[in-house]
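S.K.: Input structure: my_file-v9.cif, which contains mmCIF, C-alpha atoms and all ligand atoms.
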```cif
data_my_file
loop_
_atom_site.group_PDB
_atom_site.id
_atom_site.type_symbol
_atom_site.label_atom_id
_atom_site.label_comp_id
_atom_site.auth_asym_id
_atom_site.auth_seq_id
_atom_site.Cartn_x
_atom_site.Cartn_y
_atom_site.Cartn_z
ATOM 1 C CA MET T 26 134.873 87.178 32.661
ATOM 2 C CA PHE T 27 137.078 85.978 29.804
ATOM 3 C CA PRO T 28 137.531 87.252 27.269
ATOM 4 C CA PRO T 29 136.793 90.691 28.711
ATOM 5 C CA LEU T 30 133.726 91.883 26.782
ATOM 6 C CA ALA T 31 135.482 94.857 25.206
ATOM 7 C CA LEU T 32 138.264 92.608 23.853
ATOM 8 C CA ARG T 33 136.222 89.547 22.937
ATOM 9 C CA GLU T 34 136.116 89.991 19.178
ATOM 10 C CA GLN T 35 139.764 90.980 18.767
ATOM 11 C CA LEU T 36 141.050 88.346 21.147
ATOM 12 C CA LEU T 37 139.102 85.472 19.601
ATOM 13 C CA SER T 38 140.321 86.477 16.165
ATOM 14 C CA LEU T 39 143.940 86.347 17.409
ATOM 15 C CA LEU T 40 143.804 83.103 19.420
ATOM 16 C CA ARG T 41 143.953 79.634 17.865
ATOM 17 C CA CYS T 42 143.346 76.223 19.400
ATOM 18 C CA PRO T 43 146.777 74.959 20.555
ATOM 19 C CA THR T 44 145.757 71.391 19.690
ATOM 20 C CA CYS T 45 144.279 71.713 16.186
ATOM 21 C CA GLY T 46 144.777 75.333 15.125
ATOM 22 C CA SER T 47 141.038 76.112 14.715
ATOM 23 C CA HIS T 48 139.333 79.291 15.870
ATOM 24 C CA LEU T 49 138.227 79.367 19.500
ATOM 25 C CA HIS T 50 134.889 80.533 20.875
ATOM 26 C CA ALA T 51 133.848 81.489 24.382
ATOM 27 C CA ALA T 52 131.854 78.948 26.394
ATOM 28 C CA GLU T 53 130.945 78.776 30.097
ATOM 29 C CA GLY T 54 134.216 79.401 31.965
ATOM 30 C CA ALA T 55 136.287 78.195 29.013
ATOM 31 C CA LEU T 56 137.345 78.684 25.418
ATOM 32 C CA CYS T 57 136.503 75.857 22.989
ATOM 33 C CA CYS T 58 137.211 74.977 19.359
ATOM 34 C CA PRO T 59 134.811 73.205 16.962
ATOM 35 C CA GLN T 60 136.640 69.914 17.733
ATOM 36 C CA ARG T 61 135.715 70.465 21.412
ATOM 37 C CA HIS T 62 139.217 71.024 22.644
ATOM 38 C CA THR T 63 138.517 73.030 25.791
ATOM 39 C CA PHE T 64 140.713 75.481 27.704
ATOM 40 C CA ASN T 65 139.686 76.649 31.137
ATOM 41 C CA VAL T 66 139.506 80.253 32.136
ATOM 42 C CA ALA T 67 141.025 80.653 35.589
ATOM 43 C CA ARG T 68 139.045 82.443 38.282
ATOM 44 C CA GLN T 69 141.636 85.223 38.113
ATOM 45 C CA GLY T 70 140.811 85.855 34.454
ATOM 46 C CA TYR T 71 143.501 84.270 32.269
ATOM 47 C CA VAL T 72 142.975 81.375 29.854
ATOM 48 C CA SER T 73 145.007 78.181 30.383
ATOM 49 C CA LEU T 74 146.084 77.312 26.858
ATOM 50 C CA LEU T 75 148.958 75.294 28.303
ATOM 51 C CA SER T 76 146.538 72.881 29.937
ATOM 52 C CA GLY T 77 147.789 69.376 30.575
ATOM 53 C CA SER T 78 151.422 70.079 29.736
ATOM 54 C CA ARG T 79 154.262 71.645 31.665
ATOM 55 C CA ALA T 80 156.313 74.550 30.402
ATOM 56 C CA THR T 81 160.068 74.183 30.142
ATOM 57 C CA SER T 82 160.544 77.127 32.530
ATOM 58 C CA GLY T 83 158.666 79.880 34.378
ATOM 59 C CA ASP T 84 158.685 81.962 37.555
ATOM 60 C CA ASP T 85 157.379 80.522 40.811
ATOM 61 C CA ALA T 86 155.106 82.340 43.249
ATOM 62 C CA SER T 87 157.907 83.795 45.392
ATOM 63 C CA MET T 88 159.726 85.194 42.328
ATOM 64 C CA VAL T 89 156.481 86.763 41.080
ATOM 65 C CA ALA T 90 155.768 88.276 44.511
ATOM 66 C CA ALA T 91 159.303 89.740 44.645
ATOM 67 C CA ARG T 92 158.920 91.121 41.104
ATOM 68 C CA GLY T 93 155.562 92.697 41.973
ATOM 69 C CA ARG T 94 156.999 94.392 45.079
ATOM 70 C CA PHE T 95 160.119 95.585 43.263
ATOM 71 C CA LEU T 96 158.228 96.985 40.267
ATOM 72 C CA ARG T 97 155.937 98.931 42.604
ATOM 73 C CA THR T 98 159.007 100.923 43.762
ATOM 74 C CA ASP T 99 159.082 102.511 40.265
ATOM 75 C CA PHE T 100 162.859 101.988 39.933
ATOM 76 C CA TYR T 101 162.111 100.494 36.485
ATOM 77 C CA GLU T 102 159.587 103.182 35.488
ATOM 78 C CA ARG T 103 162.168 104.936 33.268
ATOM 79 C CA LEU T 104 162.804 101.667 31.537
ATOM 80 C CA ARG T 105 159.083 100.974 31.162
ATOM 81 C CA GLN T 106 158.590 104.431 29.622
ATOM 82 C CA ALA T 107 161.524 103.938 27.249
ATOM 83 C CA VAL T 108 160.063 100.618 26.042
ATOM 84 C CA ALA T 109 156.611 102.187 25.592
ATOM 85 C CA ILE T 110 157.939 105.271 23.757
ATOM 86 C CA ARG T 111 160.033 103.127 21.408
ATOM 87 C CA ALA T 112 157.070 100.836 20.649
ATOM 88 C CA ALA T 113 154.566 103.684 20.288
ATOM 89 C CA ALA T 114 156.768 105.565 17.823
ATOM 90 C CA ALA T 115 156.679 102.569 15.471
ATOM 91 C CA ALA T 116 153.036 101.582 15.979
ATOM 92 C CA PRO T 117 149.868 102.395 14.041
ATOM 93 C CA GLU T 118 147.044 104.203 15.857
ATOM 94 C CA ARG T 119 145.109 101.024 16.552
ATOM 95 C CA GLY T 120 146.265 97.458 16.889
ATOM 96 C CA ALA T 121 147.218 94.419 18.918
ATOM 97 C CA ALA T 122 150.321 93.922 21.074
ATOM 98 C CA VAL T 123 151.579 90.553 22.281
ATOM 99 C CA ASP T 124 153.886 90.602 25.325
ATOM 100 C CA ALA T 125 155.880 87.371 25.156
ATOM 101 C CA GLY T 126 156.959 86.535 28.707
ATOM 102 C CA CYS T 127 154.750 89.255 30.193
ATOM 103 C CA GLY T 128 155.353 88.444 33.867
ATOM 104 C CA THR T 129 153.009 90.632 35.903
ATOM 105 C CA GLY T 130 152.118 92.738 32.827
ATOM 106 C CA TYR T 131 154.232 95.723 33.908
ATOM 107 C CA TYR T 132 155.604 96.602 30.447
ATOM 108 C CA LEU T 133 152.380 95.739 28.594
ATOM 109 C CA THR T 134 150.520 98.137 30.905
ATOM 110 C CA GLY T 135 153.014 100.922 30.151
ATOM 111 C CA LEU T 136 152.513 100.338 26.439
ATOM 112 C CA LEU T 137 148.702 100.290 26.619
ATOM 113 C CA ASP T 138 148.663 103.479 28.703
ATOM 114 C CA ARG T 139 150.587 105.182 25.911
ATOM 115 C CA LEU T 140 148.672 103.632 22.986
ATOM 116 C CA SER T 141 144.978 104.195 23.636
ATOM 117 C CA GLY T 142 143.946 102.459 20.383
ATOM 118 C CA PHE T 143 145.755 99.228 21.317
ATOM 119 C CA TRP T 144 144.796 96.120 23.238
ATOM 120 C CA GLY T 145 147.238 93.513 24.449
ATOM 121 C CA LEU T 146 147.725 89.850 25.170
ATOM 122 C CA GLY T 147 150.310 88.695 27.702
ATOM 123 C CA LEU T 148 151.749 85.204 27.309
ATOM 124 C CA ASP T 149 153.647 83.543 30.129
ATOM 125 C CA SER T 150 154.089 80.053 31.536
ATOM 126 C CA SER T 151 153.810 81.149 35.169
ATOM 127 C CA ALA T 152 150.331 80.912 36.709
ATOM 128 C CA PRO T 153 151.227 83.253 39.607
ATOM 129 C CA ALA T 154 152.425 85.869 37.084
ATOM 130 C CA LEU T 155 149.324 85.470 34.903
ATOM 131 C CA ARG T 156 147.008 85.992 37.874
ATOM 132 C CA VAL T 157 148.459 89.485 38.163
ATOM 133 C CA ALA T 158 148.838 90.142 34.408
ATOM 134 C CA ALA T 159 145.190 89.262 33.699
ATOM 135 C CA ARG T 160 144.110 92.237 35.826
ATOM 136 C CA ALA T 161 146.926 94.596 34.973
ATOM 137 C CA HIS T 162 145.032 96.735 32.427
ATOM 138 C CA VAL T 163 141.455 97.036 31.129
ATOM 139 C CA ARG T 164 142.675 96.480 27.578
ATOM 140 C CA ALA T 165 144.868 93.484 28.439
ATOM 141 C CA ALA T 166 144.160 89.764 28.471
ATOM 142 C CA ALA T 167 146.511 86.969 29.518
ATOM 143 C CA ALA T 168 147.066 83.349 28.542
ATOM 144 C CA SER T 169 149.376 80.597 29.731
ATOM 145 C CA TRP T 170 151.815 79.401 27.113
ATOM 146 C CA ASP T 171 155.330 78.007 26.712
ATOM 147 C CA LEU T 172 157.257 80.392 24.466
ATOM 148 C CA TYR T 173 159.428 77.555 23.190
ATOM 149 C CA ARG T 174 156.414 75.966 21.446
ATOM 150 C CA PRO T 175 154.501 77.217 18.382
ATOM 151 C CA PHE T 176 152.242 80.025 19.632
ATOM 152 C CA PRO T 177 148.448 79.441 19.724
ATOM 153 C CA LEU T 178 147.973 82.635 17.693
ATOM 154 C CA ALA T 179 147.011 83.512 14.133
ATOM 155 C CA GLY T 180 149.765 84.466 11.681
ATOM 156 C CA ALA T 181 150.350 88.114 10.686
ATOM 157 C CA ALA T 182 147.889 89.333 13.317
ATOM 158 C CA ALA T 183 149.990 91.338 15.816
ATOM 159 C CA ASP T 184 151.198 94.903 15.297
ATOM 160 C CA LEU T 185 153.708 94.797 18.154
ATOM 161 C CA VAL T 186 155.530 92.012 19.960
ATOM 162 C CA LEU T 187 157.193 92.942 23.259
ATOM 163 C CA ASN T 188 159.905 90.769 24.760
ATOM 164 C CA VAL T 189 161.372 92.108 27.976
ATOM 165 C CA PHE T 190 163.874 89.980 29.945
ATOM 166 C CA ALA T 191 162.099 86.858 28.704
ATOM 167 C CA PRO T 192 162.743 83.797 26.504
ATOM 168 C CA ARG T 193 162.631 84.403 22.753
ATOM 169 C CA ASN T 194 161.184 82.472 19.846
ATOM 170 C CA ALA T 195 162.303 84.289 16.694
ATOM 171 C CA ALA T 196 160.335 82.139 14.244
ATOM 172 C CA GLU T 197 157.076 82.568 16.146
ATOM 173 C CA PHE T 198 157.633 86.305 16.676
ATOM 174 C CA ARG T 199 158.063 86.626 12.916
ATOM 175 C CA ARG T 200 155.043 84.467 12.082
ATOM 176 C CA ILE T 201 152.561 86.327 14.323
ATOM 177 C CA LEU T 202 153.734 89.833 13.331
ATOM 178 C CA ARG T 203 152.146 91.690 10.436
ATOM 179 C CA PRO T 204 154.729 92.506 7.745
ATOM 180 C CA GLU T 205 154.777 96.153 8.891
ATOM 181 C CA GLY T 206 154.735 95.220 12.601
ATOM 182 C CA ARG T 207 157.568 95.708 15.087
ATOM 183 C CA LEU T 208 159.361 93.523 17.612
ATOM 184 C CA ILE T 209 160.741 95.330 20.681
ATOM 185 C CA VAL T 210 163.351 93.392 22.671
ATOM 186 C CA ALA T 211 164.752 94.618 26.007
ATOM 187 C CA ARG T 212 167.634 92.794 27.692
ATOM 188 C CA PRO T 213 170.341 93.580 30.272
ATOM 189 C CA THR T 214 173.881 94.591 29.367
ATOM 190 C CA GLU T 215 176.881 93.209 31.257
ATOM 191 C CA ARG T 216 176.828 96.363 33.441
ATOM 192 C CA HIS T 217 173.254 95.722 34.632
ATOM 193 C CA LEU T 218 173.263 95.427 38.459
ATOM 194 C CA ALA T 219 177.063 94.925 38.343
ATOM 195 C CA GLU T 220 177.618 96.559 41.777
ATOM 196 C CA LEU T 221 174.940 94.349 43.330
ATOM 197 C CA ARG T 222 176.577 91.254 41.839
ATOM 198 C CA GLU T 223 179.904 92.290 43.381
ATOM 199 C CA GLN T 224 178.199 92.389 46.776
ATOM 200 C CA VAL T 225 176.200 89.178 46.214
ATOM 201 C CA PRO T 226 178.828 87.008 44.499
ATOM 202 C CA THR T 227 176.457 84.077 43.952
ATOM 203 C CA MET T 228 174.195 86.211 41.729
ATOM 204 C CA VAL T 229 174.182 84.918 38.158
ATOM 205 C CA ALA T 230 176.134 87.193 35.798
ATOM 206 C CA VAL T 231 174.820 88.286 32.397
ATOM 207 C CA ASP T 232 176.318 85.815 29.909
ATOM 208 C CA PRO T 233 178.475 87.948 27.542
ATOM 209 C CA SER T 234 177.690 85.648 24.596
ATOM 210 C CA LYS T 235 173.963 86.245 25.060
ATOM 211 C CA GLU T 236 174.000 89.393 22.944
ATOM 212 C CA LEU T 237 175.665 87.567 20.063
ATOM 213 C CA ARG T 238 173.198 84.712 20.347
ATOM 214 C CA LEU T 239 170.309 87.195 20.234
ATOM 215 C CA GLN T 240 171.585 88.756 17.005
ATOM 216 C CA TRP T 241 172.317 85.324 15.559
ATOM 217 C CA ALA T 242 168.796 84.073 16.340
ATOM 218 C CA LEU T 243 166.929 87.154 15.145
ATOM 219 C CA SER T 244 168.930 88.401 12.166
ATOM 220 C CA PRO T 245 167.707 85.836 9.573
ATOM 221 C CA LEU T 246 164.125 86.962 10.229
ATOM 222 C CA PHE T 247 164.394 90.543 11.485
ATOM 223 C CA ALA T 248 166.332 93.679 10.608
ATOM 224 C CA SER T 249 167.300 95.949 13.487
ATOM 225 C CA VAL T 250 165.840 99.461 13.100
ATOM 226 C CA ALA T 251 167.329 101.143 16.175
ATOM 227 C CA THR T 252 168.976 100.263 19.477
ATOM 228 C CA GLU T 253 168.806 102.424 22.568
ATOM 229 C CA LEU T 254 170.791 102.107 25.800
ATOM 230 C CA VAL T 255 168.840 102.983 28.932
ATOM 231 C CA GLU T 256 171.287 103.375 31.804
ATOM 232 C CA TYR T 257 170.872 105.011 35.194
ATOM 233 C CA ALA T 258 171.754 104.442 38.835
ATOM 234 C CA VAL T 259 169.458 103.621 41.745
ATOM 235 C CA SER T 260 169.963 103.447 45.507
ATOM 236 C CA LEU T 261 168.342 100.417 47.065
ATOM 237 C CA SER T 262 167.246 99.511 50.575
ATOM 238 C CA SER T 263 168.056 95.996 51.791
ATOM 239 C CA GLU T 264 164.440 94.878 51.138
ATOM 240 C CA GLN T 265 164.545 96.268 47.605
ATOM 241 C CA ALA T 266 167.878 94.563 46.935
ATOM 242 C CA GLN T 267 166.511 91.290 48.280
ATOM 243 C CA ASP T 268 163.499 91.533 45.964
ATOM 244 C CA LEU T 269 165.722 92.331 43.009
ATOM 245 C CA VAL T 270 167.857 89.275 43.750
ATOM 246 C CA ALA T 271 164.764 87.126 44.324
ATOM 247 C CA MET T 272 163.161 88.077 40.968
ATOM 248 C CA THR T 273 166.221 87.270 38.825
ATOM 249 C CA PRO T 274 167.394 83.836 37.631
ATOM 250 C CA THR T 275 169.665 83.960 40.686
ATOM 251 C CA ALA T 276 166.652 83.056 42.820
ATOM 252 C CA ARG T 277 166.851 79.512 41.525
ATOM 253 C CA HIS T 278 170.468 79.176 42.677
ATOM 254 C CA LEU T 279 170.519 81.167 45.856
ATOM 255 C CA ASP T 280 168.662 80.825 49.104
ATOM 256 C CA ARG T 281 167.199 84.004 50.470
ATOM 257 C CA ALA T 282 169.605 84.072 53.416
ATOM 258 C CA ALA T 283 172.468 84.674 50.960
ATOM 259 C CA ALA T 284 170.800 87.834 49.618
ATOM 260 C CA PRO T 285 172.077 91.169 51.010
ATOM 261 C CA ALA T 286 171.021 91.588 54.646
ATOM 262 C CA SER T 287 171.886 95.282 54.677
ATOM 263 C CA ALA T 288 171.338 97.975 52.061
ATOM 264 C CA PRO T 289 173.817 97.612 49.181
ATOM 265 C CA LYS T 290 176.712 100.054 49.330
ATOM 266 C CA GLY T 291 176.645 102.837 46.747
ATOM 267 C CA PRO T 292 174.516 103.271 43.644
ATOM 268 C CA ILE T 293 173.488 100.252 41.544
ATOM 269 C CA THR T 294 173.538 100.538 37.748
ATOM 270 C CA VAL T 295 170.454 99.691 35.708
ATOM 271 C CA SER T 296 171.668 99.074 32.140
ATOM 272 C CA ILE T 297 169.303 97.829 29.454
ATOM 273 C CA LEU T 298 169.396 97.683 25.667
ATOM 274 C CA ILE T 299 166.124 98.160 23.812
ATOM 275 C CA THR T 300 166.102 97.196 20.136
ATOM 276 C CA GLU T 301 163.327 97.749 17.622
ATOM 277 C CA TYR T 302 163.229 95.135 14.841
ATOM 278 C CA GLN T 303 161.214 94.969 11.644
ATOM 279 C CA PRO T 304 160.407 91.723 9.869
ATOM 280 C CA ARG T 305 162.584 91.002 6.835
HETATM 281 C C1 LIG G 1 162.637 87.869 34.027
HETATM 282 S S1 LIG G 1 160.902 87.605 33.883
HETATM 283 C C2 LIG G 1 160.346 89.032 32.947
HETATM 284 C C3 LIG G 1 158.865 89.303 33.085
HETATM 285 C C4 LIG G 1 158.399 90.654 32.493
HETATM 286 N N1 LIG G 1 158.644 90.745 31.073
HETATM 287 C C5 LIG G 1 159.099 91.761 33.237
HETATM 288 O O1 LIG G 1 160.168 92.186 32.784
HETATM 289 O O2 LIG G 1 158.587 92.190 34.290
HETATM 290 C C6 LIG G 1 160.794 86.279 32.702
HETATM 291 C C7 LIG G 1 159.378 85.833 32.463
HETATM 292 O O3 LIG G 1 159.401 84.804 31.469
HETATM 293 C C8 LIG G 1 158.556 83.754 31.897
HETATM 294 N N2 LIG G 1 159.014 82.519 31.260
HETATM 295 C C9 LIG G 1 160.146 81.826 31.518
HETATM 296 N N3 LIG G 1 160.218 80.747 30.709
HETATM 297 C C10 LIG G 1 159.088 80.769 29.946
HETATM 298 C C11 LIG G 1 158.582 79.913 28.918
HETATM 299 N N4 LIG G 1 159.262 78.831 28.516
HETATM 300 N N5 LIG G 1 157.404 80.245 28.360
HETATM 301 C C12 LIG G 1 156.713 81.329 28.757
HETATM 302 N N6 LIG G 1 157.143 82.181 29.697
HETATM 303 C C13 LIG G 1 158.325 81.894 30.287
HETATM 304 C C14 LIG G 1 158.663 83.739 33.406
HETATM 305 O O4 LIG G 1 157.569 83.082 34.018
HETATM 306 C C15 LIG G 1 158.734 85.236 33.703
HETATM 307 O O5 LIG G 1 157.468 85.791 33.904
HETATM 308 ZN ZN ZN G 2 141.031 72.270 18.643
#
```
Write out the structure in this file as structure tokens.
M.R.:
Amino acid sequence: MFPPLALREQLLSLLRCPTCGSHLHAAEGALCCPQRHTFNVARQGYVSLLSGSRATSGDDASMVAARGRFLRTDFYERLRQAVAIRAAAAAPERGAAVDAGCGTGYYLTGLLDRLSGFWGLGLDSSAPALRVAARAHVRAAAASWDLYRPFPLAGAAADLVLNVFAPRNAAEFRRILRPEGRLIVARPTERHLAELREQVPTMVAVDPSKELRLQWALSPLFASVATELVEYAVSLSSEQAQDLVAMTPTARHLDRAAAPASAPKGPITVSILITEYQPR
């Protein structure tokens, strides 16, 4: 059922019709606005706000399956906890979190487990990812959206925005956050998976100018409160390495046969920066 009964009131007060900006209400298997713009609720429990238009990007089913398998290994659990702790320290007791580019809902789930007074909405353009995210947590809902377009959400309504390894839209993050809200951005450093990239030369490297572009895009609208480096080493089996390769942007450029056939040699570095921002 969508919206989940426990979240109905909060969710409908956050969502807006993507076509005309009006409030939405729940109808049979859909959400509708007073102008009768209608958005189907998928059988798996997410609402298709992106109906009739294609997103500029998004993960396909095999990338989502690889991500799901890899995240179940718990190699990123330390990272998930670090994101949740950082967000929880800055959050009020009760509120709404929006995970922009939620994927399978892994980080949103970690946050909601830590913040029992919060509910969350995951936005993503990938239907296979949303099918998983919609069921990831009892206090989570999911909706399809293209992060490069104006969000179908009310202004100043979110207490937290999460953005983990996903496209960013600084102006929309700022608009939907309450003035005292927080944006939490996690992204890889140049050291992230460096040893794996050496062994799989066709893997896409982290663009060194990305960090500058992030600061350039966010700094007019957000002030950085704190940045934390989460760095540790993991030992991967060949299957785990293949999933890790298959869930990164590399998957678009590399056929699976080129992924490591044997376990990668030596430890692989996980290296992520987490920054907490407050609206200016
Ligand atoms: C690297 S994954 C990260 C997913 C999740 N945050 C995680 O770390 O597990 C990037 C996510 O962004 C989504 N994405 C890519 N382009 C998008 C767009 N234009 N609008 C919405 N989501 C997009 C993909 O479908 C994918 O789920
Ligand atoms: Zn409408």
S.K.: Against segment 107-131 of chain T, which residues of segment 180-290 of chain T fall within 7 Å? For each one I want the closest pair of atoms and the distance in Å (one decimal), counting all atoms listed in the file, rows by chain and increasing residue number, as CSV.
M.R.:
```
residue,atom,partner,partner_atom,distance
T:Ala183,CA,T:Ala121,CA,5.2
T:Asp184,CA,T:Ala121,CA,5.4
T:Leu185,CA,T:Ala122,CA,4.6
T:Val186,CA,T:Val123,CA,4.8
T:Leu187,CA,T:Asp124,CA,4.5
T:Asn188,CA,T:Ala125,CA,5.3
T:Ala191,CA,T:Gly126,CA,5.2
T:Pro192,CA,T:Gly126,CA,6.8
T:Arg207,CA,T:Ala115,CA,6.9
T:Ile209,CA,T:Ala112,CA,6.6
```
S.K.: Could you save those same residues with C-alpha atoms as a tab-separated table (two decimals), in the coordinates of the input?
M.R.:
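This is the output file result.tsv:
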```tsv
chain	number	residue	atom	x	y	z
T	183	ALA	CA	149.99	91.34	15.82
T	184	ASP	CA	151.20	94.90	15.30
T	185	LEU	CA	153.71	94.80	18.15
T	186	VAL	CA	155.53	92.01	19.96
T	187	LEU	CA	157.19	92.94	23.26
T	188	ASN	CA	159.90	90.77	24.76
T	191	ALA	CA	162.10	86.86	28.70
T	192	PRO	CA	162.74	83.80	26.50
T	207	ARG	CA	157.57	95.71	15.09
T	209	ILE	CA	160.74	95.33	20.68
```
S.K.: Closest to Val225 of chain T among T:Ser263, T:Arg79, T:Ala196, T:Leu178, using all atoms listed in the file?
M.R.: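 Checking each of T:Ser263, T:Arg79, T:Ala196, T:Leu178 against Val225 of chain T, counting all atoms listed in the file, the winner is T:Ser263.
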S.K.: If we count only C-alpha atoms, what is near Tyr173 of chain T at a cut-off of 8 Å, once residues fewer than 4 positions away on the same chain are taken out, given as a CSV table (one decimal) with C-alpha atoms, keeping the file's coordinate frame?
M.R.:
```csv
chain,number,residue,atom,x,y,z
T,81,THR,CA,160.1,74.2,30.1
T,192,PRO,CA,162.7,83.8,26.5
T,193,ARG,CA,162.6,84.4,22.8
T,194,ASN,CA,161.2,82.5,19.8
```
S.K.: Please identify the residues whose atoms come within 9 Å of ligand ZN 2 (chain G), using all atoms listed in the file, and report them as JSON, numbers by chain.
M.R.: {"T": [41, 42, 43, 44, 45, 46, 47, 48, 49, 57, 58, 59, 60, 61, 62, 63]}
S.K.: Taking the file above as input, evaluate the PyMOL selection byres (((chain T and resi 180) around 7) and not hetatm) and report the hits as a VMD selection string.
M.R.: chain T and resid 178 to 179 181 to 182 200 to 202
S.K.: Print the selection's residues with C-alpha atoms to a file, as a PDB file, in the frame of the given file.
M.R.:
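As written to disk, selection.pdb reads:
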```pdb
ATOM      1  CA  LEU T 178     147.973  82.635  17.693  1.00  0.00           C
ATOM      2  CA  ALA T 179     147.011  83.512  14.133  1.00  0.00           C
ATOM      3  CA  ALA T 181     150.350  88.114  10.686  1.00  0.00           C
ATOM      4  CA  ALA T 182     147.889  89.333  13.317  1.00  0.00           C
ATOM      5  CA  ARG T 200     155.043  84.467  12.082  1.00  0.00           C
ATOM      6  CA  ILE T 201     152.561  86.327  14.323  1.00  0.00           C
ATOM      7  CA  LEU T 202     153.734  89.833  13.331  1.00  0.00           C
TER       8      LEU T 202
END
```
S.K.: Write out as number ranges by chain the residues lying within 12 Å of segment 236-242 of chain T, counting all atoms listed in the file and excluding same-chain residues fewer than 4 positions away.
M.R.: T: 188, 190-199, 210-215, 231-232, 246-249, 297-300, 302
S.K.: Could you state which residues are captured by the PyMOL selection byres (((chain T and resi 137) around 10) and not hetatm) in this file, as a VMD selection string?
M.R.: chain T and resid 109 113 121 to 122 132 to 136 138 to 145 162 to 165
S.K.: Restrict the selected residues to C-alpha atoms and save them as a compact mmCIF listing (two decimals), in the coordinates of the input.
M.R.:
```txt
# COMPACT_ATOMS: atom_id res chain seq x y z
CA ALA T 109 156.61 102.19 25.59
CA ALA T 113 154.57 103.68 20.29
CA ALA T 121 147.22 94.42 18.92
CA ALA T 122 150.32 93.92 21.07
CA TYR T 132 155.60 96.60 30.45
CA LEU T 133 152.38 95.74 28.59
CA THR T 134 150.52 98.14 30.90
CA GLY T 135 153.01 100.92 30.15
CA LEU T 136 152.51 100.34 26.44
CA ASP T 138 148.66 103.48 28.70
CA ARG T 139 150.59 105.18 25.91
CA LEU T 140 148.67 103.63 22.99
CA SER T 141 144.98 104.20 23.64
CA GLY T 142 143.95 102.46 20.38
CA PHE T 143 145.76 99.23 21.32
CA TRP T 144 144.80 96.12 23.24
CA GLY T 145 147.24 93.51 24.45
CA HIS T 162 145.03 96.74 32.43
CA VAL T 163 141.46 97.04 31.13
CA ARG T 164 142.68 96.48 27.58
CA ALA T 165 144.87 93.48 28.44
```
S.K.: What separation in Å, quoted to one decimal, exists between atom CA of Ala167 of chain T and atom C2 of ligand LIG 1 (chain G)?
M.R.: 14.4 Å
S.K.: Excluding Leu269 of chain T and residues on its chain fewer than 3 positions from it, collect all residues at most 9 Å away from it, counting all atoms listed in the file, and give them as a PDB file with C-alpha atoms, in the coordinates of the input.
M.R.:
```pdb
ATOM      1  CA  ALA T  91     159.303  89.740  44.645  1.00  0.00           C
ATOM      2  CA  ARG T  92     158.920  91.121  41.104  1.00  0.00           C
ATOM      3  CA  PHE T  95     160.119  95.585  43.263  1.00  0.00           C
ATOM      4  CA  GLU T 264     164.440  94.878  51.138  1.00  0.00           C
ATOM      5  CA  GLN T 265     164.545  96.268  47.605  1.00  0.00           C
ATOM      6  CA  ALA T 266     167.878  94.563  46.935  1.00  0.00           C
ATOM      7  CA  MET T 272     163.161  88.077  40.968  1.00  0.00           C
ATOM      8  CA  THR T 273     166.221  87.270  38.825  1.00  0.00           C
TER       9      THR T 273
END
```
S.K.: Using the chain letters and numbers from this file, what does the PyMOL selection byres (((chain T and resi 261) around 10) and not hetatm) select? Give the answer as a PyMOL selection string.
M.R.: chain T and resi 98+100+221+258-260+262-267+269+287-293
S.K.: Of the residues T:Leu172, T:Val157, T:Leu32, T:Met228, which is the one nearest to ligand LIG 1 (chain G), using only C-alpha atoms and all ligand atoms?
M.R.: T:Leu172
S.K.: Determine the axis-aligned bounding box of all atoms of ligand LIG 1 (chain G) present in the file, pad each side by 6 Å, and express its centre and edge lengths in Å to one decimal place as AutoDock Vina command-line options.
M.R.:
```
--center_x 159.7 --center_y 85.5 --center_z 31.3 --size_x 17.9 --size_y 25.4 --size_z 17.9
```
S.K.: Pick out the closest residue to ligand LIG 1 (chain G) from this set: T:Ala67, T:Ala271, T:Ala55, T:Leu218. Count only C-alpha atoms and all ligand atoms.
M.R.: T:Ala271
S.K.: What is the distance, in Å and to one decimal place, between atom CA of Ala154 of chain T and atom CA of Ser296 of chain T?
M.R.: 23.9 Å
